[in-house]
Amino acid sequence: MFGGSAPTPPATPSSTPPSAPSGAQSMATGSTIVIEAGQEKVEAVKRTVEGDEKAELTHLREENESLKKSVAAAVDVIQEVENPAMPPIVGEGYVVPGETVGMFAALGRQLQKGGLTHGTAGSFSLLSTTSPGLVHITRQGAALGLMNEGDLITGRLGDAAPNRASEDWQIHSVALAIASLEHEGRGACVHVTAPYTTAMSLEKDRYALVPTDFEGRSSFGRATIVDVQYNDMEGYLVEITEALKQTGNKLFVARGHGLYALGADLLEAWGNAAAFEHSMRVLYYSELADR
């Protein structure tokens, strides 16, 4: 209208996205390479660590197996030292197997270790399982913690005491006869001078020992105290028989002389003796605390 050049039309936006500068592209590529290299290094370290862990675990397993074998060997040596093999006893018309002799010796050591007896005090007996009526019993004056085949003697149930038998032969005979009725022909009797039971039985006005702990009450209820009467053995045996009934034929207490425990075998008789002595220990301390 007034002359001059025509106006320049506005620029149309390009549809192609802008490209990064060439330097920036190089930086991105370099970062990717660095990251990938780092990941490879991490994986390599991880594989190395896992390999080391596996090697260490294998080593520990081998050491564990070696220790197990060493412990097993040590246990065998200890068993051989503490429970040496015993020879059998060959008598007139009978043989006592070495295993039975070894069982007597092992129990003698355990009785002393557990404090149930001391020195040459105490005795225990067992009915033979192969020869009916045959009785194996510790000899008079045997040191129970050091027993060997020379400390075991054998007799017949109902017969007179064999040579070197203790004055408790008749008590053991009656106890074994009662135990055999309870356990279908099997029987054992353990006499121990258990200190807590013995001490508790010395109270003159006390005629029974009654456990206060749960296990003692459940297992024994009450144990009658019988006055020792070696000068009247027949009357003594009658009182013992009656006293055993109070505990279901498990044990009775001899005043000032410990306790006699019965069982199907030596292990059960020992268990009854140890359990009752534990109950008397608990009773002793509980009464001491109440004073």
# chains A, B, ... in the order shown; residues from 1 in each chain; ligands from 1

call {"tool": "residues_around", "arguments": {"residues": "Ser131 (chain A)", "least_positions_apart": "6", "cutoff": "12 Å", "atoms": "only C-alpha atoms", "output": "list of chain:residue names"}}
result
A:Gly93, A:Tyr94, A:Val95, A:Val96, A:Pro97, A:Thr154, A:Gly155, A:Arg156, A:Leu157, A:Gly185, A:Arg186

call {"tool": "residues_around", "arguments": {"residues": "Asp232 (chain A)", "least_positions_apart": "6", "cutoff": "12 Å", "atoms": "only C-alpha atoms", "output": "count of residues only"}}
result
3

call {"tool": "select_by_dssp", "arguments": {"residues": "region 30-257 of chain A", "states": "strand (DSSP E or B)", "output": "JSON, numbers by chain"}}
result
{"A": [89, 90, 91, 94, 95, 96, 123, 124, 125, 126, 127, 134, 135, 136, 137, 138, 139, 152, 153, 154, 155, 156, 165, 188, 189, 190, 191, 192, 208, 209, 223, 224, 225, 226, 251, 252, 253, 254]}

call {"tool": "residues_around", "arguments": {"residues": "Ser218 (chain A)", "least_positions_apart": "4", "cutoff": "12 Å", "atoms": "only C-alpha atoms", "output": "PDB file with N, CA and C atoms, in the first residue's frame"}}
result
ATOM      1  N   VAL A 210       7.847 -88.503 103.077  1.00  0.00           N
ATOM      2  CA  VAL A 210       6.859 -88.128 102.058  1.00  0.00           C
ATOM      3  C   VAL A 210       7.457 -87.041 101.169  1.00  0.00           C
ATOM      4  N   PRO A 211       7.774 -87.362  99.918  1.00  0.00           N
ATOM      5  CA  PRO A 211       8.319 -86.345  99.004  1.00  0.00           C
ATOM      6  C   PRO A 211       7.338 -85.197  98.803  1.00  0.00           C
ATOM      7  N   THR A 212       7.875 -83.997  98.653  1.00  0.00           N
ATOM      8  CA  THR A 212       7.042 -82.824  98.401  1.00  0.00           C
ATOM      9  C   THR A 212       7.139 -82.358  96.950  1.00  0.00           C
ATOM     10  N   ASP A 213       8.144 -82.817  96.220  1.00  0.00           N
ATOM     11  CA  ASP A 213       8.264 -82.442  94.816  1.00  0.00           C
ATOM     12  C   ASP A 213       7.314 -83.288  93.971  1.00  0.00           C
ATOM     13  N   PHE A 214       6.952 -82.775  92.814  1.00  0.00           N
ATOM     14  CA  PHE A 214       5.941 -83.424  91.971  1.00  0.00           C
ATOM     15  C   PHE A 214       6.361 -84.833  91.555  1.00  0.00           C
ATOM     16  N   ARG A 222       4.618 -92.178  99.462  1.00  0.00           N
ATOM     17  CA  ARG A 222       5.293 -92.108 100.759  1.00  0.00           C
ATOM     18  C   ARG A 222       6.089 -93.392 100.951  1.00  0.00           C
ATOM     19  N   THR A 247       4.967 -98.103  98.541  1.00  0.00           N
ATOM     20  CA  THR A 247       5.488 -97.429  97.338  1.00  0.00           C
ATOM     21  C   THR A 247       5.237 -98.251  96.076  1.00  0.00           C
ATOM     22  N   GLY A 248       4.316 -99.192  96.141  1.00  0.00           N
ATOM     23  CA  GLY A 248       4.079-100.033  94.971  1.00  0.00           C
ATOM     24  C   GLY A 248       5.242-100.953  94.696  1.00  0.00           C
ATOM     25  N   ALA A 275      16.134 -91.248  92.201  1.00  0.00           N
ATOM     26  CA  ALA A 275      14.988 -90.334  92.190  1.00  0.00           C
ATOM     27  C   ALA A 275      14.507 -90.040  93.607  1.00  0.00           C
ATOM     28  N   PHE A 276      14.448 -91.072  94.450  1.00  0.00           N
ATOM     29  CA  PHE A 276      13.972 -90.844  95.809  1.00  0.00           C
ATOM     30  C   PHE A 276      14.985 -90.018  96.606  1.00  0.00           C
ATOM     31  N   SER A 279      14.462 -86.486  95.799  1.00  0.00           N
ATOM     32  CA  SER A 279      13.283 -85.956  96.492  1.00  0.00           C
ATOM     33  C   SER A 279      13.595 -85.625  97.948  1.00  0.00           C
TER      34      SER A 279
END

call {"tool": "closest_residue", "arguments": {"among": "A:Ala199, A:Leu126, A:Leu107, A:Met147", "to": "Leu283 (chain A)", "atoms": "only C-alpha atoms"}}
result
A:Ala199

call {"tool": "closest_residue", "arguments": {"among": "A:Ala105, A:Cys189, A:Ala261, A:Leu60", "to": "Glu277 (chain A)", "atoms": "only C-alpha atoms"}}
result
A:Ala261

call {"tool": "residues_around", "arguments": {"residues": "Leu244 (chain A)", "least_positions_apart": "3", "cutoff": "10 Å", "atoms": "only C-alpha atoms", "output": "list of chain:residue names"}}
result
A:Ala175, A:Ile178, A:Ala223, A:Thr224, A:Glu239, A:Ile240, A:Thr241, A:Thr247, A:Gly248, A:Asn249, A:Lys250, A:Leu251, A:Phe252, A:Val253, A:Tyr260, A:Ala261, A:Leu262

call {"tool": "write_last_selection", "arguments": {"atoms": "C-alpha atoms", "output": "CSV table (one decimal), in the first residue's frame"}}
result
chain,number,residue,atom,x,y,z
A,175,ALA,CA,13.2,-108.0,97.6
A,178,ILE,CA,8.8,-109.5,95.3
A,223,ALA,CA,8.0,-94.4,101.9
A,224,THR,CA,7.8,-96.2,105.3
A,239,GLU,CA,8.1,-105.2,108.1
A,240,ILE,CA,10.1,-104.8,104.9
A,241,THR,CA,7.4,-106.6,102.9
A,247,THR,CA,5.5,-97.4,97.3
A,248,GLY,CA,4.1,-100.0,95.0
A,249,ASN,CA,7.0,-102.3,95.7
A,250,LYS,CA,9.6,-99.7,94.6
A,251,LEU,CA,11.6,-99.1,97.7
A,252,PHE,CA,11.7,-98.8,101.5
A,253,VAL,CA,13.8,-96.8,103.9
A,260,TYR,CA,16.6,-100.4,99.3
A,261,ALA,CA,15.2,-99.8,95.8
A,262,LEU,CA,13.7,-102.5,93.5

call {"tool": "atom_distance", "arguments": {"atom1": "CA of Pro132 (chain A)", "atom2": "CA of Ser180 (chain A)"}}
result
10.5 Å

call {"tool": "closest_atom_pairs", "arguments": {"of": "region 137-210 of chain A", "to": "region 119-124 of chain A", "cutoff": "8 Å", "atoms": "only C-alpha atoms", "output": "CSV"}}
result
residue,atom,partner,partner_atom,distance
A:Ile137,CA,A:Phe124,CA,5.8
A:Thr138,CA,A:Ser123,CA,5.8
A:Arg139,CA,A:Ser123,CA,7.8
A:Gly141,CA,A:Thr120,CA,5.3
A:Ala142,CA,A:Thr120,CA,5.4
A:Ala143,CA,A:Thr120,CA,4.3
A:Leu144,CA,A:Thr120,CA,6.3
A:Gly145,CA,A:Gly119,CA,7.5
A:His172,CA,A:Phe124,CA,7.9
A:Ala188,CA,A:Phe124,CA,7.5
A:Cys189,CA,A:Phe124,CA,5.5
A:Val190,CA,A:Phe124,CA,4.2
A:His191,CA,A:Ser123,CA,5.2
A:Val192,CA,A:Gly122,CA,4.8
A:Thr193,CA,A:Gly122,CA,6.2

call {"tool": "write_last_selection", "arguments": {"atoms": "N, CA and C atoms", "output": "CSV table (one decimal), in the first residue's frame"}}
result
chain,number,residue,atom,x,y,z
A,137,ILE,N,25.1,-111.1,93.3
A,137,ILE,CA,25.1,-110.1,94.3
A,137,ILE,C,26.5,-109.7,94.7
A,138,THR,N,26.7,-108.4,95.0
A,138,THR,CA,28.0,-108.0,95.4
A,138,THR,C,28.5,-108.6,96.7
A,139,ARG,N,29.7,-108.9,96.8
A,139,ARG,CA,30.2,-109.6,98.0
A,139,ARG,C,30.3,-108.6,99.2
A,141,GLY,N,31.8,-106.3,101.8
A,141,GLY,CA,33.0,-105.5,101.8
A,141,GLY,C,33.6,-105.1,100.5
A,142,ALA,N,32.8,-105.3,99.4
A,142,ALA,CA,33.3,-104.9,98.1
A,142,ALA,C,33.3,-103.3,98.0
A,143,ALA,N,34.3,-102.8,97.4
A,143,ALA,CA,34.4,-101.4,97.1
A,143,ALA,C,33.7,-101.2,95.8
A,144,LEU,N,32.4,-100.7,95.9
A,144,LEU,CA,31.6,-100.6,94.7
A,144,LEU,C,32.2,-99.8,93.5
A,145,GLY,N,32.9,-98.8,93.9
A,145,GLY,CA,33.5,-97.9,92.8
A,145,GLY,C,34.7,-98.5,92.1
A,172,HIS,N,17.9,-109.0,100.3
A,172,HIS,CA,17.9,-109.0,98.9
A,172,HIS,C,17.1,-110.2,98.3
A,188,ALA,N,15.7,-106.8,90.4
A,188,ALA,CA,17.0,-106.3,90.9
A,188,ALA,C,16.8,-105.5,92.2
A,189,CYS,N,17.8,-105.4,93.0
A,189,CYS,CA,17.7,-104.6,94.2
A,189,CYS,C,19.0,-103.9,94.5
A,190,VAL,N,18.8,-102.6,94.8
A,190,VAL,CA,20.0,-101.8,95.1
A,190,VAL,C,19.9,-101.2,96.5
A,191,HIS,N,20.9,-101.4,97.3
A,191,HIS,CA,20.9,-100.8,98.7
A,191,HIS,C,22.0,-99.7,98.7
A,192,VAL,N,21.6,-98.5,98.9
A,192,VAL,CA,22.5,-97.4,99.0
A,192,VAL,C,22.4,-96.6,100.3
A,193,THR,N,23.5,-96.1,100.8
A,193,THR,CA,23.5,-95.3,102.0
A,193,THR,C,23.3,-93.8,101.6

call {"tool": "closest_residue", "arguments": {"among": "A:Arg255, A:Lys54, A:Lys41, A:Arg164", "to": "Ala208 (chain A)", "atoms": "only C-alpha atoms"}}
result
A:Arg255

call {"tool": "closest_residue", "arguments": {"among": "A:Glu234, A:Glu167, A:Asp227, A:Leu116", "to": "Asn272 (chain A)", "atoms": "only C-alpha atoms"}}
result
A:Leu116
